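Raw contents of final-v5.cif, mmCIF, C-alpha atoms:
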```cif
data_run
#
loop_
_atom_site.label_atom_id
_atom_site.label_comp_id
_atom_site.auth_asym_id
_atom_site.auth_seq_id
_atom_site.Cartn_x
_atom_site.Cartn_y
_atom_site.Cartn_z
CA MET R 1 35.05 10.18 -34.00
CA SER R 2 32.37 8.03 -32.40
CA LYS R 3 31.67 7.32 -28.72
CA THR R 4 30.60 4.24 -26.75
CA THR R 5 26.95 4.04 -25.74
CA ASN R 6 27.17 3.75 -21.96
CA TYR R 7 30.14 5.87 -20.86
CA GLN R 8 30.72 7.98 -23.98
CA LEU R 9 34.29 6.74 -24.29
CA ASN R 10 36.20 7.84 -27.33
CA LEU R 11 36.46 5.33 -30.17
CA TRP R 12 39.18 5.82 -32.70
CA ASP R 13 38.81 5.38 -36.38
CA TYR R 14 42.26 5.33 -37.86
CA GLY R 15 40.80 6.79 -41.01
CA ASP R 16 39.99 10.08 -39.18
CA GLU R 17 41.84 13.01 -40.70
CA ASP R 18 42.75 14.51 -37.31
CA PHE R 19 44.06 11.26 -35.78
CA SER R 20 47.48 11.74 -34.24
CA ALA R 21 49.56 10.30 -31.41
CA LYS R 22 48.81 13.41 -29.35
CA ARG R 23 45.06 13.08 -29.97
CA ALA R 24 45.21 9.35 -29.10
CA ARG R 25 46.96 10.13 -25.78
CA GLU R 26 44.37 12.82 -24.94
CA ASP R 27 41.45 10.54 -25.80
CA LEU R 28 43.00 7.67 -23.88
CA ALA R 29 43.49 9.89 -20.79
CA GLU R 30 39.86 11.06 -21.06
CA ASN R 31 38.66 7.46 -21.38
CA PHE R 32 40.62 6.33 -18.32
CA THR R 33 39.28 9.27 -16.28
CA LYS R 34 35.70 8.37 -17.22
CA LEU R 35 36.29 4.68 -16.43
CA ASP R 36 37.92 5.54 -13.10
CA GLU R 37 34.92 7.69 -12.10
CA ALA R 38 32.42 5.04 -13.22
CA LEU R 39 34.26 2.29 -11.33
CA LYS R 40 34.53 4.40 -8.20
CA LYS R 41 30.81 5.19 -8.29
CA GLY R 42 30.00 1.54 -8.98
CA LEU R 43 32.18 0.38 -6.09
CA VAL R 44 30.64 2.92 -3.73
CA ASP R 45 27.15 1.78 -4.77
CA LEU R 46 28.22 -1.85 -4.41
CA LYS R 47 29.66 -1.22 -0.92
CA THR R 48 26.41 0.49 0.12
CA LEU R 49 24.40 -2.43 -1.22
CA LEU R 50 26.62 -5.00 0.50
CA THR R 51 26.39 -3.13 3.81
CA ALA R 52 22.60 -3.08 3.53
CA LEU R 53 22.52 -6.80 2.70
CA GLU R 54 24.86 -7.66 5.58
CA THR R 55 22.58 -5.74 7.93
CA LYS R 56 19.57 -7.68 6.66
CA VAL R 57 21.38 -11.01 6.91
CA ASP R 58 22.56 -10.21 10.44
CA THR R 59 18.97 -9.52 11.47
CA LYS R 60 17.73 -12.76 12.92
CA SER R 61 14.38 -14.16 11.97
CA GLU R 62 12.50 -16.08 14.61
CA MET R 63 10.71 -19.22 13.52
CA ILE R 64 7.86 -20.70 15.52
CA ILE R 65 6.92 -24.31 14.86
CA GLY R 66 3.40 -25.26 15.76
CA THR R 67 1.02 -28.14 15.35
CA TYR R 68 -2.71 -28.57 15.67
CA VAL R 69 -5.36 -31.22 15.23
CA GLY R 70 -8.24 -30.46 12.92
CA ILE R 71 -11.75 -29.94 14.33
CA ARG R 72 -13.99 -29.62 11.24
CA GLU R 73 -16.18 -32.52 10.18
CA THR R 74 -17.42 -31.09 6.90
CA SER R 75 -15.73 -29.39 4.01
CA SER R 76 -18.03 -26.39 4.15
CA GLN R 77 -16.26 -23.01 4.01
CA VAL R 78 -15.28 -22.27 7.64
CA SER R 79 -12.43 -20.24 9.15
CA ARG R 80 -10.29 -20.89 12.21
CA GLN R 81 -8.07 -18.27 13.84
CA MET R 82 -4.63 -19.49 14.89
CA ASP R 83 -3.35 -17.09 17.56
CA LEU R 84 0.40 -16.56 17.71
CA GLY R 85 0.50 -13.19 19.46
CA PHE R 86 2.25 -11.49 16.53
CA ARG R 87 1.85 -10.81 12.81
CA PRO R 88 4.00 -13.35 10.98
CA LYS R 89 5.99 -12.41 7.91
CA ALA R 90 5.29 -15.83 6.41
CA ILE R 91 3.53 -19.10 7.19
CA LEU R 92 4.53 -22.48 5.78
CA TRP R 93 1.77 -25.02 6.36
CA GLY R 94 1.43 -28.75 5.77
CA TYR R 95 0.48 -32.24 6.94
CA ILE R 96 2.41 -33.93 9.74
CA GLU R 97 1.85 -37.48 8.48
CA SER R 98 3.63 -36.87 5.20
CA LEU R 99 5.77 -33.94 6.37
CA SER R 100 4.83 -32.20 3.16
CA PHE R 101 4.30 -28.48 3.09
CA SER R 102 1.71 -27.41 0.61
CA VAL R 103 0.87 -23.78 1.40
CA LEU R 104 3.13 -20.77 1.73
CA ALA R 105 1.57 -17.48 2.77
CA ILE R 106 3.77 -14.38 2.69
CA ASP R 107 2.54 -11.21 4.37
CA LYS R 108 2.02 -8.25 2.04
CA THR R 109 3.36 -10.06 -1.02
CA PHE R 110 0.37 -12.35 -1.22
CA PRO R 111 -1.91 -10.79 1.41
CA ASN R 112 -4.70 -13.33 1.13
CA THR R 113 -3.95 -16.78 -0.11
CA ARG R 114 -6.82 -19.11 -0.73
CA TRP R 115 -6.24 -21.08 2.49
CA ILE R 116 -4.29 -18.85 4.86
CA THR R 117 -4.75 -15.18 5.67
CA ILE R 118 -2.11 -13.50 7.82
CA ASN R 119 -3.34 -11.01 10.41
CA ASP R 120 -2.04 -9.13 13.47
CA GLN R 121 -2.77 -12.04 15.82
CA GLY R 122 -1.39 -14.84 13.68
CA PHE R 123 -3.28 -16.36 10.78
CA ILE R 124 -6.67 -17.61 9.72
CA LEU R 125 -7.13 -21.03 8.15
CA THR R 126 -9.91 -21.25 5.63
CA HIS R 127 -11.33 -24.75 5.68
CA GLY R 128 -13.02 -25.75 2.48
CA PRO R 129 -12.33 -28.31 -0.21
CA ASN R 130 -8.62 -28.06 0.61
CA MET R 131 -9.25 -29.48 4.10
CA THR R 132 -6.89 -27.38 6.23
CA ASP R 133 -8.74 -28.33 9.41
CA ARG R 134 -10.15 -31.85 8.92
CA LYS R 135 -11.26 -33.44 12.20
CA GLY R 136 -8.62 -35.71 13.67
CA GLU R 137 -5.93 -34.85 11.08
CA SER R 138 -2.60 -33.52 12.36
CA TYR R 139 -1.07 -30.41 10.81
CA ILE R 140 2.16 -28.46 11.19
CA TYR R 141 3.06 -24.85 10.48
CA LEU R 142 6.18 -22.74 10.55
CA ALA R 143 5.54 -19.11 11.37
CA PHE R 144 8.33 -16.61 10.71
CA ARG R 145 8.48 -13.47 12.82
#
```
Show me the file's structure as structure tokens.
Amino acid sequence: MSKTTNYQLNLWDYGDEDFSAKRAREDLAENFTKLDEALKKGLVDLKTLLTALETKVDTKSEMIIGTYVGIRETSSQVSRQMDLGFRPKAILWGYIESLSFSVLAIDKTFPNTRWITINDQGFILTHGPNMTDRKGESYIYLAFR
């Protein structure tokens, strides 16, 4: 007799010499017991996972919307600290005029993007060819706490 790969359930081959109605009932009972245990464990694991997800979803995330006007006249590599008073989990940054967001920085997943570095006070803009701080230009950011 052979068994299934995952749960080692009995598979019947009607050509087996020792196949009988009694043997089929015994194998079937064993299979159902194994399936019942696997389902119970799976449901317990699923309930634990759902509880953890519900807890995460119930945890509110604060979003701070901010704007600033650029102060740099050249595209030389310069940094500007943006103080928020906390370490954001993520920053979404873009241009106000077009309302297009072009940079997403996520703390710890991408610790240092090319243009934004998250730190304990907020974030640092790196002004270079990307022009994150061009004089007179208006910018917007969403900071998630």
| To one decimal place, how far is atom CA of R:Ile106 from atom CA of R:Asp45 in Å? |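 Between atom CA of R:Ile106 and atom CA of R:Asp45 the gap is 29.4 Å.
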| Nearest residue to R:Tyr141 from the set R:Leu92, R:Ser61, R:Ala24, R:Val69 (distances using all atoms listed in the file) |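 The shortest atom-to-atom distance to R:Tyr141 comes from R:Leu92.
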| query | Near R:Gly66, counting all atoms listed in the file, which residues have an atom at most 9 Å away, once you skip same-chain residues fewer than 5 positions from it, shown as a PyMOL selection string? | reply | chain R and resi 139-143
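Closest to R:Met82 among R:Ala29, R:Tyr68, R:Ile124, R:Thr5 is R:Ile124, based on all atoms listed in the file.
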| Residues near R:Thr132, cut-off 12 Å, only C-alpha atoms, skip fewer than 6 positions along chain, as JSON, numbers by chain | {"R": [68, 69, 70, 71, 72, 73, 74, 75, 76, 77, 78, 79, 80, 81, 82, 93, 94, 95, 96, 101, 102, 103, 114, 115, 116, 124, 125, 126, 138, 139, 140, 141]}
| Which one is closest to R:Gly85: R:Thr67, R:Gln121, R:Asn10, R:Thr33? Count all atoms listed in the file. | R:Gln121
| query | In Å, how far is it from atom CA of R:Glu97 to atom CA of R:Lys135? | reply | 14.2 Å
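If you look at atom CA of R:Arg145 and atom CA of R:Thr51, they are 22.6 Å away from each other.
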